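Pasting entry-v8.tsv here (TSV, C-alpha atoms):
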```
chain	number	residue	atom	x	y	z
A	30	MET	CA	-150.10	193.19	99.89
A	31	LYS	CA	-152.79	192.21	102.37
A	32	TYR	CA	-153.23	188.72	103.76
A	33	ARG	CA	-156.20	186.58	104.75
A	34	MET	CA	-156.64	183.28	106.57
A	35	LEU	CA	-157.14	180.25	104.32
A	36	GLY	CA	-159.89	178.62	106.32
A	37	LYS	CA	-159.02	175.81	108.69
A	38	THR	CA	-155.56	175.35	107.12
A	39	GLY	CA	-154.30	178.06	109.47
A	40	ILE	CA	-152.23	179.52	106.63
A	41	LYS	CA	-152.20	183.27	106.00
A	42	VAL	CA	-152.18	183.78	102.26
A	43	SER	CA	-151.87	186.84	100.07
A	44	GLU	CA	-155.31	188.03	99.01
A	45	ILE	CA	-153.97	188.12	95.46
A	46	GLY	CA	-152.51	184.75	94.58
A	47	PHE	CA	-150.89	183.42	91.42
A	48	GLY	CA	-152.83	181.08	89.15
A	49	ALA	CA	-150.30	178.95	87.29
A	50	TRP	CA	-152.50	177.46	84.56
A	51	ALA	CA	-151.26	179.90	81.92
A	52	ILE	CA	-147.57	179.17	82.47
A	53	GLY	CA	-148.29	175.49	81.92
A	54	GLY	CA	-150.08	175.82	78.61
A	55	THR	CA	-153.36	176.20	76.63
A	56	TRP	CA	-153.08	179.98	76.85
A	57	GLY	CA	-151.12	180.57	73.67
A	58	THR	CA	-147.40	181.29	73.48
A	59	VAL	CA	-145.56	181.22	76.79
A	60	ARG	CA	-141.81	181.43	77.46
A	61	ASP	CA	-140.30	179.70	80.48
A	62	ASP	CA	-137.88	182.53	81.20
A	63	GLU	CA	-140.76	185.01	81.29
A	64	SER	CA	-142.73	182.64	83.51
A	65	ILE	CA	-139.88	182.42	86.01
A	66	ASP	CA	-139.53	186.22	85.99
A	67	ALA	CA	-143.27	186.53	86.65
A	68	LEU	CA	-143.10	184.04	89.54
A	69	GLU	CA	-140.12	185.78	91.13
A	70	THR	CA	-141.78	189.17	90.73
A	71	ALA	CA	-144.85	187.77	92.46
A	72	VAL	CA	-142.89	186.60	95.51
A	73	GLU	CA	-140.84	189.76	95.72
A	74	ASN	CA	-144.04	191.82	95.78
A	75	GLY	CA	-145.82	189.87	98.50
A	76	ILE	CA	-147.64	187.02	96.75
A	77	ASN	CA	-147.17	183.85	98.78
A	78	PHE	CA	-149.93	181.59	97.39
A	79	PHE	CA	-149.56	179.71	94.11
A	80	ASP	CA	-152.14	177.40	92.57
A	81	THR	CA	-151.31	174.79	89.96
A	82	ALA	CA	-152.36	171.32	88.77
A	83	ASP	CA	-150.66	168.18	87.53
A	84	VAL	CA	-152.27	168.55	84.09
A	85	TYR	CA	-151.11	172.10	83.40
A	86	GLY	CA	-148.62	171.43	80.65
A	87	ASP	CA	-148.50	167.78	81.77
A	88	GLY	CA	-146.58	168.80	84.89
A	89	LYS	CA	-144.72	171.75	83.37
A	90	SER	CA	-146.40	174.29	85.66
A	91	GLU	CA	-145.50	172.26	88.76
A	92	LYS	CA	-141.90	171.96	87.61
A	93	LEU	CA	-141.60	175.71	87.10
A	94	LEU	CA	-142.98	176.27	90.59
A	95	SER	CA	-140.44	173.81	92.00
A	96	LYS	CA	-137.69	176.26	91.07
A	97	ILE	CA	-139.40	179.04	93.02
A	98	LYS	CA	-140.07	176.74	95.96
A	99	LYS	CA	-136.40	175.76	96.03
A	100	GLU	CA	-135.42	179.44	96.10
A	101	TYR	CA	-137.98	180.76	98.59
A	102	GLY	CA	-138.82	177.69	100.69
A	103	ASP	CA	-141.44	178.14	103.42
A	104	GLN	CA	-141.98	181.74	102.33
A	105	ILE	CA	-144.46	180.49	99.75
A	106	HIS	CA	-147.38	178.06	99.74
A	107	ILE	CA	-148.26	175.88	96.75
A	108	ALA	CA	-151.60	174.20	96.13
A	109	THR	CA	-151.95	171.63	93.38
A	110	LYS	CA	-154.79	169.54	91.99
A	111	ALA	CA	-155.30	165.93	90.97
A	112	GLY	CA	-157.82	163.83	89.10
A	113	ARG	CA	-157.94	165.19	85.57
A	114	ARG	CA	-155.23	162.78	84.47
A	115	LEU	CA	-157.81	160.01	84.61
A	116	ASN	CA	-158.79	158.63	81.22
A	117	PRO	CA	-161.68	158.18	81.18
A	118	HIS	CA	-162.34	160.89	83.74
A	119	ASN	CA	-164.98	159.17	85.83
A	120	ALA	CA	-165.94	158.90	89.49
A	121	ASP	CA	-164.62	155.37	89.91
A	122	GLY	CA	-161.11	156.62	89.13
A	123	TYR	CA	-161.09	158.73	92.29
A	124	ASN	CA	-159.71	156.06	94.58
A	125	TYR	CA	-156.81	155.62	96.96
A	126	GLU	CA	-154.45	153.98	94.47
A	127	ASN	CA	-154.90	156.57	91.74
A	128	LEU	CA	-154.80	159.54	94.09
A	129	LYS	CA	-151.62	158.26	95.72
A	130	LYS	CA	-150.05	157.86	92.28
A	131	PHE	CA	-151.02	161.39	91.26
A	132	ILE	CA	-149.79	162.82	94.56
A	133	SER	CA	-146.44	161.07	94.22
A	134	ARG	CA	-145.98	162.47	90.71
A	135	SER	CA	-146.82	166.00	91.88
A	136	MET	CA	-144.41	165.73	94.80
A	137	GLU	CA	-141.68	164.75	92.37
A	138	ASN	CA	-142.56	167.60	89.99
A	139	LEU	CA	-142.61	170.11	92.84
A	140	GLY	CA	-139.60	168.73	94.68
A	141	MET	CA	-141.65	168.38	97.86
A	142	LYS	CA	-141.90	165.56	100.41
A	143	GLU	CA	-145.54	166.36	101.17
A	144	LEU	CA	-148.21	168.50	99.55
A	145	GLU	CA	-149.42	171.46	101.58
A	146	LEU	CA	-152.81	171.52	99.84
A	147	LEU	CA	-154.19	168.94	97.44
A	148	GLN	CA	-157.44	169.68	95.64
A	149	LEU	CA	-159.62	167.27	93.70
A	150	HIS	CA	-159.67	168.77	90.23
A	151	CYS	CA	-163.29	169.39	89.23
A	152	PRO	CA	-164.31	165.75	89.64
A	153	PRO	CA	-167.59	164.33	88.28
A	154	TRP	CA	-170.57	165.19	90.45
A	155	GLU	CA	-170.88	161.59	91.67
A	156	VAL	CA	-167.60	161.95	93.60
A	157	TYR	CA	-169.23	164.34	96.05
A	158	TYR	CA	-171.64	161.56	97.00
A	159	LYS	CA	-168.89	158.99	97.61
A	160	PRO	CA	-167.74	159.30	101.26
A	161	GLU	CA	-165.05	156.72	100.58
A	162	VAL	CA	-163.20	159.24	98.39
A	163	PHE	CA	-162.91	161.64	101.30
A	164	ASP	CA	-161.95	158.72	103.57
A	165	ASP	CA	-159.11	158.04	101.12
A	166	LEU	CA	-157.99	161.66	101.40
A	167	GLU	CA	-157.95	161.32	105.19
A	168	ARG	CA	-155.85	158.18	104.83
A	169	LEU	CA	-153.39	159.98	102.57
A	170	ARG	CA	-153.18	162.79	105.09
A	171	ASN	CA	-152.55	160.35	107.92
A	172	GLU	CA	-149.78	158.80	105.86
A	173	GLY	CA	-148.09	162.20	105.64
A	174	LEU	CA	-148.44	162.69	101.88
A	175	ILE	CA	-150.74	165.69	102.17
A	176	ILE	CA	-151.27	168.25	104.93
A	177	ASN	CA	-154.60	169.70	103.80
A	178	TYR	CA	-157.12	168.79	101.14
A	179	GLY	CA	-159.93	170.55	99.33
A	180	VAL	CA	-161.88	170.55	96.10
A	181	SER	CA	-162.01	172.60	92.94
A	182	VAL	CA	-165.58	172.69	91.67
A	183	GLU	CA	-167.58	173.73	88.63
A	184	LYS	CA	-170.96	174.19	90.31
A	185	VAL	CA	-172.16	175.85	93.49
A	186	GLU	CA	-174.13	172.72	94.37
A	187	GLU	CA	-170.91	170.70	94.32
A	188	ALA	CA	-169.26	173.20	96.65
A	189	ILE	CA	-172.13	173.03	99.12
A	190	LYS	CA	-172.03	169.22	99.10
A	191	ALA	CA	-168.23	169.10	99.47
A	192	ILE	CA	-168.16	171.10	102.69
A	193	GLU	CA	-170.40	168.53	104.36
A	194	TYR	CA	-167.18	166.52	104.72
A	195	PRO	CA	-165.41	167.91	107.80
A	196	GLY	CA	-161.92	167.29	106.42
A	197	VAL	CA	-162.40	169.62	103.45
A	198	SER	CA	-160.32	172.71	104.20
A	199	THR	CA	-160.80	174.71	101.00
A	200	VAL	CA	-163.05	175.12	97.99
A	201	GLN	CA	-161.86	176.62	94.74
A	202	ILE	CA	-164.66	178.11	92.67
A	203	ILE	CA	-165.19	180.49	89.76
A	204	PHE	CA	-166.29	183.88	91.05
A	205	ASN	CA	-166.15	187.21	89.28
A	206	ILE	CA	-168.34	190.09	88.10
A	207	PHE	CA	-169.82	187.75	85.47
A	208	ARG	CA	-170.29	184.79	87.85
A	209	GLN	CA	-171.85	186.03	91.09
A	210	ARG	CA	-173.93	183.06	92.25
A	211	PRO	CA	-171.42	181.70	94.84
A	212	ALA	CA	-172.07	184.78	96.99
A	213	ASP	CA	-175.80	184.01	97.23
A	214	LEU	CA	-175.48	181.17	99.75
A	215	PHE	CA	-172.24	179.23	99.48
A	216	PHE	CA	-169.97	181.94	100.90
A	217	GLN	CA	-172.03	182.13	104.07
A	218	LEU	CA	-172.06	178.35	104.50
A	219	ALA	CA	-168.30	178.14	103.97
A	220	GLU	CA	-167.69	180.91	106.47
A	221	ARG	CA	-169.69	179.06	109.14
A	222	LYS	CA	-167.59	175.94	108.60
A	223	ASN	CA	-164.29	177.84	108.40
A	224	VAL	CA	-163.63	176.66	104.85
A	225	GLY	CA	-161.17	178.70	102.82
A	226	ILE	CA	-162.45	180.08	99.51
A	227	ILE	CA	-160.07	180.26	96.56
A	228	THR	CA	-161.61	182.15	93.65
A	229	ARG	CA	-160.47	181.36	90.14
A	230	VAL	CA	-161.09	182.77	86.63
A	231	PRO	CA	-161.33	186.21	88.29
A	232	LEU	CA	-160.93	188.10	85.01
A	233	ALA	CA	-163.16	185.79	82.94
A	234	SER	CA	-160.26	184.61	80.77
A	235	GLY	CA	-159.21	188.19	80.12
A	236	LEU	CA	-162.64	189.63	79.32
A	237	LEU	CA	-162.63	191.70	82.50
A	238	THR	CA	-159.28	193.27	81.71
A	239	GLY	CA	-161.16	195.54	79.32
A	240	LYS	CA	-158.50	195.06	76.66
A	241	PHE	CA	-160.61	193.19	74.08
A	242	LYS	CA	-162.58	194.79	71.27
A	243	GLY	CA	-164.64	191.75	70.24
A	244	LYS	CA	-162.84	190.89	66.99
A	245	GLU	CA	-159.78	189.20	68.51
A	246	THR	CA	-158.54	185.82	67.36
A	247	PHE	CA	-156.64	183.48	69.65
A	248	GLU	CA	-153.85	181.01	68.99
A	249	LYS	CA	-154.73	177.44	68.07
A	250	ASP	CA	-153.58	176.05	71.43
A	251	ASP	CA	-155.39	178.73	73.46
A	252	HIS	CA	-158.55	177.45	75.17
A	253	ARG	CA	-160.19	180.78	74.33
A	254	ASN	CA	-160.07	179.55	70.75
A	255	PHE	CA	-161.01	175.87	71.14
A	256	ASN	CA	-163.26	175.68	74.22
A	257	ARG	CA	-165.82	178.48	73.90
A	258	LYS	CA	-168.68	175.97	73.77
A	259	GLY	CA	-167.11	173.42	76.09
A	260	GLU	CA	-165.56	171.29	73.37
A	261	SER	CA	-162.65	170.17	75.60
A	262	PHE	CA	-163.77	170.85	79.19
A	263	ASP	CA	-166.49	172.76	81.01
A	264	ARG	CA	-167.36	175.85	78.98
A	265	GLY	CA	-167.69	177.86	82.19
A	266	GLU	CA	-163.89	177.85	82.46
A	267	THR	CA	-163.59	179.90	79.25
A	268	PHE	CA	-164.77	183.52	79.49
A	269	ALA	CA	-166.67	182.36	82.62
A	270	GLY	CA	-169.29	180.88	80.28
A	271	VAL	CA	-170.21	184.28	78.84
A	272	ASP	CA	-170.45	184.79	75.09
A	273	PHE	CA	-167.26	186.61	74.10
A	274	GLU	CA	-168.76	189.42	72.03
A	275	THR	CA	-171.54	189.96	74.57
A	276	GLY	CA	-168.96	190.10	77.36
A	277	VAL	CA	-166.96	192.77	75.56
A	278	ARG	CA	-170.07	194.95	75.22
A	279	ILE	CA	-170.93	194.56	78.92
A	280	VAL	CA	-167.39	195.47	79.97
A	281	GLU	CA	-167.80	198.77	78.14
A	282	ARG	CA	-170.73	199.50	80.48
A	283	ILE	CA	-168.57	198.71	83.52
A	284	LYS	CA	-165.56	200.82	82.53
A	285	PRO	CA	-167.06	204.18	83.63
A	286	LEU	CA	-167.15	202.80	87.20
A	287	VAL	CA	-163.38	202.21	87.30
A	288	PRO	CA	-161.37	204.78	89.32
A	289	LYS	CA	-159.16	206.87	87.04
A	290	ASP	CA	-155.94	205.76	88.76
A	291	HIS	CA	-156.64	202.02	88.33
A	292	THR	CA	-157.17	199.57	85.49
A	293	MET	CA	-160.27	197.57	84.65
A	294	ALA	CA	-158.46	194.39	85.72
A	295	GLN	CA	-157.62	195.86	89.13
A	296	PHE	CA	-161.22	196.98	89.55
A	297	ALA	CA	-162.51	193.49	88.72
A	298	LEU	CA	-160.14	191.90	91.24
A	299	LYS	CA	-161.05	194.45	93.91
A	300	TRP	CA	-164.74	193.68	93.39
A	301	ILE	CA	-164.00	190.07	94.36
A	302	LEU	CA	-161.97	191.14	97.39
A	303	MET	CA	-164.92	193.16	98.64
A	304	HIS	CA	-166.42	189.82	99.69
A	305	ARG	CA	-164.86	189.10	103.08
A	306	GLN	CA	-165.34	185.33	102.82
A	307	VAL	CA	-162.86	185.13	99.93
A	308	SER	CA	-159.45	183.95	101.13
A	309	THR	CA	-157.48	184.57	97.95
A	310	VAL	CA	-157.99	185.39	94.28
A	311	ILE	CA	-155.75	183.36	91.99
A	312	ALA	CA	-155.12	185.70	89.08
A	313	GLY	CA	-153.20	184.21	86.19
A	314	ALA	CA	-150.13	185.83	84.68
A	315	LYS	CA	-147.51	184.97	82.09
A	316	LYS	CA	-145.42	188.14	82.38
A	317	GLU	CA	-144.07	190.44	85.08
A	318	GLN	CA	-146.22	193.42	84.14
A	319	GLN	CA	-149.37	191.33	84.51
A	320	VAL	CA	-148.29	190.32	88.02
A	321	ILE	CA	-147.64	193.94	89.01
A	322	GLU	CA	-151.03	194.99	87.67
A	323	ASN	CA	-152.81	192.22	89.58
A	324	ILE	CA	-151.04	193.10	92.82
A	325	GLY	CA	-152.17	196.71	92.48
A	326	SER	CA	-155.73	195.68	93.30
A	327	SER	CA	-154.77	194.79	96.88
A	328	GLY	CA	-153.91	198.40	97.69
A	329	MET	CA	-157.03	199.91	96.14
A	330	LYS	CA	-159.57	201.71	98.29
A	331	ASP	CA	-162.73	199.76	98.98
A	332	LEU	CA	-165.46	200.17	96.37
A	333	ASP	CA	-168.37	202.20	97.67
A	334	THR	CA	-171.91	200.89	98.08
A	335	GLU	CA	-173.19	202.72	95.01
A	336	THR	CA	-170.53	201.11	92.80
A	337	MET	CA	-171.26	197.63	94.17
A	338	GLU	CA	-174.98	198.16	93.54
A	339	LYS	CA	-174.34	199.26	89.96
A	340	ILE	CA	-172.26	196.14	89.29
A	341	GLU	CA	-175.06	194.01	90.68
A	342	GLU	CA	-177.57	195.79	88.44
A	343	ILE	CA	-175.42	195.27	85.34
A	344	TYR	CA	-175.09	191.58	86.21
A	345	ASN	CA	-178.80	191.11	86.86
A	346	ASN	CA	-179.86	192.86	83.66
A	347	ASN	CA	-177.23	191.55	81.24
A	348	VAL	CA	-175.55	188.36	82.45
A	349	LYS	CA	-177.54	186.53	85.09
A	350	SER	CA	-180.04	184.76	82.85
A	351	SER	CA	-177.27	183.16	80.74
A	352	VAL	CA	-175.02	181.86	83.55
A	353	HIS	CA	-176.60	181.96	87.00
A	354	GLN	CA	-178.41	178.62	87.11
A	355	TYR	CA	-175.83	176.71	85.06
A	356	TRP	CA	-173.06	176.89	87.63
```

Can the structure from this file be put into C-alpha cells for me?
Amino acid sequence: MKYRMLGKTGIKVSEIGFGAWAIGGTWGTVRDDESIDALETAVENGINFFDTADVYGDGKSEKLLSKIKKEYGDQIHIATKAGRRLNPHNADGYNYENLKKFISRSMENLGMKELELLQLHCPPWEVYYKPEVFDDLERLRNEGLIINYGVSVEKVEEAIKAIEYPGVSTVQIIFNIFRQRPADLFFQLAERKNVGIITRVPLASGLLTGKFKGKETFEKDDHRNFNRKGESFDRGETFAGVDFETGVRIVERIKPLVPKDHTMAQFALKWILMHRQVSTVIAGAKKEQQVIENIGSSGMKDLDTETMEKIEEIYNNNVKSSVHQYW
C-alpha cells in the first residue's frame, strides 16, 4: 500500500481507503460478520483511512467502525459526515446547535472523544454562501469536538466555493472514468490551497467493475434499484449519473485497455490514482475479497500516456455530454 498526504490535515492516508456506505445499508443484503471481516482485512493489508456518515444505516456503519477503532486505535483514521439527518434538509438546518448534536451522536457511535475529520454531507448549495456555517465549524473545532473539517459535495462549483474558506481541510467529490470534470480545474485549485481530495463513487456503483451485463436486477433496498433517476437523493450518486445499460456498453470498450494481470476494477481505481492531487480513493466493500481486489490497484504499474489518452477519448465521445455540465 502507498500513502499520500491528506491536505492540510497533516495525516498520511492510504491511497486506497475504505468507503463504509455499503456496510451501513442501501446496497442490498449485508452481513455484519462479513463487514467486520472486510474491515479487519483492510487494516491488515495497509488501509488506514475509513469514510462513513451518521446516516449510513442510521449509525450502523459508524458503530461497526467503532469496533475496528477500539482494536486498532491510532493506527486508523476515520472520517464521518453530518447534515443529512436534517428533515427537511435545508440550509437553515446547518447551524451550531444541530451540528453539535450530530457530532455528539457520531462520537458516541464511534466511541471517540473527538472527531478526526467531520465533513458536511452534501449540503444544499446555499450553505456554501453562508460564512456563519464555517464559523460554527471553527467554533466546534476550538471546543475540541472536531480536529479537522471538510465538505462532501455533489458539484464541482460547490467544491470550488468551499475551498474559499481557509479552514476547509478536505473535499470529498465523485471522480472516476465516467465523471472526469473535477480534474479540469478543481484539482489544481485544491492543490494550491493544500486541500486534501477524497474521491468517492470510484467504480460508479459497480459499473466500472466490468461485472455487469446490462440485464441485472437489484434488491429492493439497493439504491441501484430505487435511485437511478434521483428519486431519493442526487442521481449522480448512483452509477455516477450514467444510464446503466449505456454504462455497461462503454465498459466493454474500456476492457481491452486493462492489463491481463489485473481486473477492470483495479484498472478503474488506478486511473484515479494517476491524478497526483488525489489524496485517497474510498472504494466500497462488503466482503474480504472485494477489499483485496481494491488494494491490488495500489501496486499496479502506472498507466501509460497512450492508455490515459484512450480513456479520455472514450469519455469525450460517449459520456461527457450526459454528465459533464451537471456535476

Exercise. Mind pulling up the distance from atom CA of Glu341 of chain A to atom CA of Leu286 of chain A?
Worked result: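 Atom CA of Glu341 of chain A lies at a distance of 12.3 Å from atom CA of Leu286 of chain A.
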
Problem set entry | Between atom CA of Met34 of chain A and atom CA of Lys330 of chain A - distance in Å to one decimal |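 Here the two named atoms are 20.4 Å from each other.
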
Problem set entry | Atomic distance atom CA of Ser181 of chain A - atom CA of Arg229 of chain A, expressed in Å with one decimal |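 Straight-line distance from atom CA of Ser181 of chain A to atom CA of Arg229 of chain A works out to 9.3 Å.
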
Any idea what's packed within 8 Å of segment 163-170 of chain A, counting all atoms listed in the file, ignoring anything in its chain fewer than 4 positions away? Could you give it as a short mmCIF file (atom, residue, chain, number, x, y, z; two decimals) with C-alpha atoms, in the coordinates of the input?
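Result saved to out26.cif:
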```
data_model
loop_
_atom_site.label_atom_id
_atom_site.label_comp_id
_atom_site.auth_asym_id
_atom_site.auth_seq_id
_atom_site.Cartn_x
_atom_site.Cartn_y
_atom_site.Cartn_z
CA ASN A 124 -159.71 156.06 94.58
CA TYR A 125 -156.81 155.62 96.96
CA LYS A 129 -151.62 158.26 95.72
CA LYS A 159 -168.89 158.99 97.61
CA LEU A 174 -148.44 162.69 101.88
CA ILE A 175 -150.74 165.69 102.17
CA ILE A 176 -151.27 168.25 104.93
CA ASN A 177 -154.60 169.70 103.80
CA TYR A 178 -157.12 168.79 101.14
CA TYR A 194 -167.18 166.52 104.72
CA GLY A 196 -161.92 167.29 106.42
#
```

Exercise. With only C-alpha atoms as the atoms that count, which of A:Ile226, A:Ile52, A:Ile202, A:Met293 lies nearest to Asn323 of chain A?
Worked result: A:Met293

Exercise. If I put a ball of radius 10 Å at (-162.5, 198.2, 91.8) in the file's coordinates, which residues poke into it when counting only C-alpha atoms, written as a PyMOL selection string?
Worked result: chain A and resi 286-288+291-303+326-327+329-333+336-337

For this session: Considering all atoms listed in the file, return as an MDAnalysis selection string whatever protein or nucleic-acid residues lie within 12 Å of Lys249 of chain A, sequence-local ones (same chain, fewer than 2 positions apart) excluded.
Result: chainID A and resid 54:58 246:247 251:256

Can you report as lines of an AutoDock Vina configuration file the centre and edge lengths in Å, to one decimal, of an axis-aligned box around the listed atoms of segment 77-94 of chain A padded with 3 Å on each side?
```
center_x = -147.0
center_y = 175.8
center_z = 89.7
size_x = 16.8
size_y = 22.1
size_z = 24.1
```

Exercise. Taking into account all atoms listed in the file, which residue in the set A:Glu274, A:Lys110, A:Asp250, A:His353 is nearest to Val185 of chain A?
Worked result: A:His353

For this session: List the neighbours of segment 90-107 of chain A out to 8 Å using all atoms listed in the file; skip same-chain residues closer than 6 positions along the sequence, and give me the result as a list in words.
Result: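 Here the answer would be Val42, Ala49, Trp50, Ile52, Gly53, Asp61, Ser64, Ile65, Leu68, Glu69, Val72, Ile76, Asn77, Phe78, Phe79, Asp80, Thr81, Ala82, Asp83, Ser135, Asn138, Leu139, Gly140, Leu144, Glu145 and Leu146 of chain A.
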
Using 9 Å as the limit and counting all atoms listed in the file, can you tabulate each residue of segment 244-275 of chain A that touches segment 233-237 of chain A, with its shortest atom-to-atom distance in Å and the two atoms involved, as a Markdown table?
```
| residue | atom | partner | partner_atom | distance |
| --- | --- | --- | --- | --- |
| A:Arg253 | CA | A:Ser234 | CA | 7.5 |
| A:Glu266 | CA | A:Ser234 | CA | 7.9 |
| A:Thr267 | CA | A:Ser234 | CA | 6.0 |
| A:Phe268 | CA | A:Ala233 | CA | 4.4 |
| A:Ala269 | CA | A:Ala233 | CA | 4.9 |
| A:Gly270 | CA | A:Ala233 | CA | 8.3 |
| A:Val271 | CA | A:Ala233 | CA | 8.3 |
| A:Phe273 | CA | A:Leu236 | CA | 7.6 |
```

Restrict the selected residues to C-alpha atoms and save them as a PDB file, keeping the file's coordinate frame.
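The file below, again_19.pdb, is the result:
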```
ATOM      1  CA  ARG A 253    -160.190 180.780  74.330  1.00  0.00           C
ATOM      2  CA  GLU A 266    -163.890 177.850  82.460  1.00  0.00           C
ATOM      3  CA  THR A 267    -163.590 179.900  79.250  1.00  0.00           C
ATOM      4  CA  PHE A 268    -164.770 183.520  79.490  1.00  0.00           C
ATOM      5  CA  ALA A 269    -166.670 182.360  82.620  1.00  0.00           C
ATOM      6  CA  GLY A 270    -169.290 180.880  80.280  1.00  0.00           C
ATOM      7  CA  VAL A 271    -170.210 184.280  78.840  1.00  0.00           C
ATOM      8  CA  PHE A 273    -167.260 186.610  74.100  1.00  0.00           C
TER       9      PHE A 273
END
```

Problem set entry | Surrounding residues of Lys31 of chain A excluding itself and chain neighbours under 5 positions, 9 Å, all atoms listed in the file, as a ChimeraX atom specification | /A:42-45,75,327-328

Residues as selected, C-alpha atoms, written as a PDB file, in the frame of the given file, can you do that?
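The resulting file, selection25.pdb, is reproduced below:
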```pdb
ATOM      1  CA  VAL A  42    -152.180 183.780 102.260  1.00  0.00           C
ATOM      2  CA  SER A  43    -151.870 186.840 100.070  1.00  0.00           C
ATOM      3  CA  GLU A  44    -155.310 188.030  99.010  1.00  0.00           C
ATOM      4  CA  ILE A  45    -153.970 188.120  95.460  1.00  0.00           C
ATOM      5  CA  GLY A  75    -145.820 189.870  98.500  1.00  0.00           C
ATOM      6  CA  SER A 327    -154.770 194.790  96.880  1.00  0.00           C
ATOM      7  CA  GLY A 328    -153.910 198.400  97.690  1.00  0.00           C
TER       8      GLY A 328
END
```

Atoms added to segment 121-135 of chain A (N, CA and C atoms), reported as a compact mmCIF listing (two decimals), keeping the file's coordinate frame:
```
# COMPACT_ATOMS: atom_id res chain seq x y z
N ASP A 121 -165.28 156.57 89.39
CA ASP A 121 -164.62 155.37 89.91
C ASP A 121 -163.10 155.53 89.97
N GLY A 122 -162.55 156.41 89.14
CA GLY A 122 -161.11 156.62 89.13
C GLY A 122 -160.60 157.38 90.35
N TYR A 123 -161.49 158.00 91.08
CA TYR A 123 -161.09 158.73 92.29
C TYR A 123 -161.03 157.75 93.45
N ASN A 124 -159.92 157.05 93.53
CA ASN A 124 -159.71 156.06 94.58
C ASN A 124 -158.31 156.20 95.17
N TYR A 125 -158.06 155.48 96.23
CA TYR A 125 -156.81 155.62 96.96
C TYR A 125 -155.59 155.39 96.07
N GLU A 126 -155.62 154.32 95.28
CA GLU A 126 -154.45 153.98 94.47
C GLU A 126 -154.13 155.06 93.45
N ASN A 127 -155.14 155.54 92.75
CA ASN A 127 -154.90 156.57 91.74
C ASN A 127 -154.49 157.89 92.38
N LEU A 128 -155.15 158.28 93.44
CA LEU A 128 -154.80 159.54 94.09
C LEU A 128 -153.38 159.50 94.63
N LYS A 129 -152.99 158.38 95.20
CA LYS A 129 -151.62 158.26 95.72
C LYS A 129 -150.61 158.38 94.59
N LYS A 130 -150.94 157.78 93.44
CA LYS A 130 -150.05 157.86 92.28
C LYS A 130 -149.93 159.31 91.79
N PHE A 131 -151.05 160.00 91.71
CA PHE A 131 -151.02 161.39 91.26
C PHE A 131 -150.25 162.27 92.25
N ILE A 132 -150.48 162.04 93.53
CA ILE A 132 -149.79 162.82 94.56
C ILE A 132 -148.28 162.61 94.47
N SER A 133 -147.87 161.37 94.30
CA SER A 133 -146.44 161.07 94.22
C SER A 133 -145.80 161.77 93.02
N ARG A 134 -146.50 161.80 91.91
CA ARG A 134 -145.98 162.47 90.71
C ARG A 134 -145.87 163.97 90.95
N SER A 135 -146.87 164.56 91.60
CA SER A 135 -146.82 166.00 91.88
C SER A 135 -145.70 166.34 92.85
```
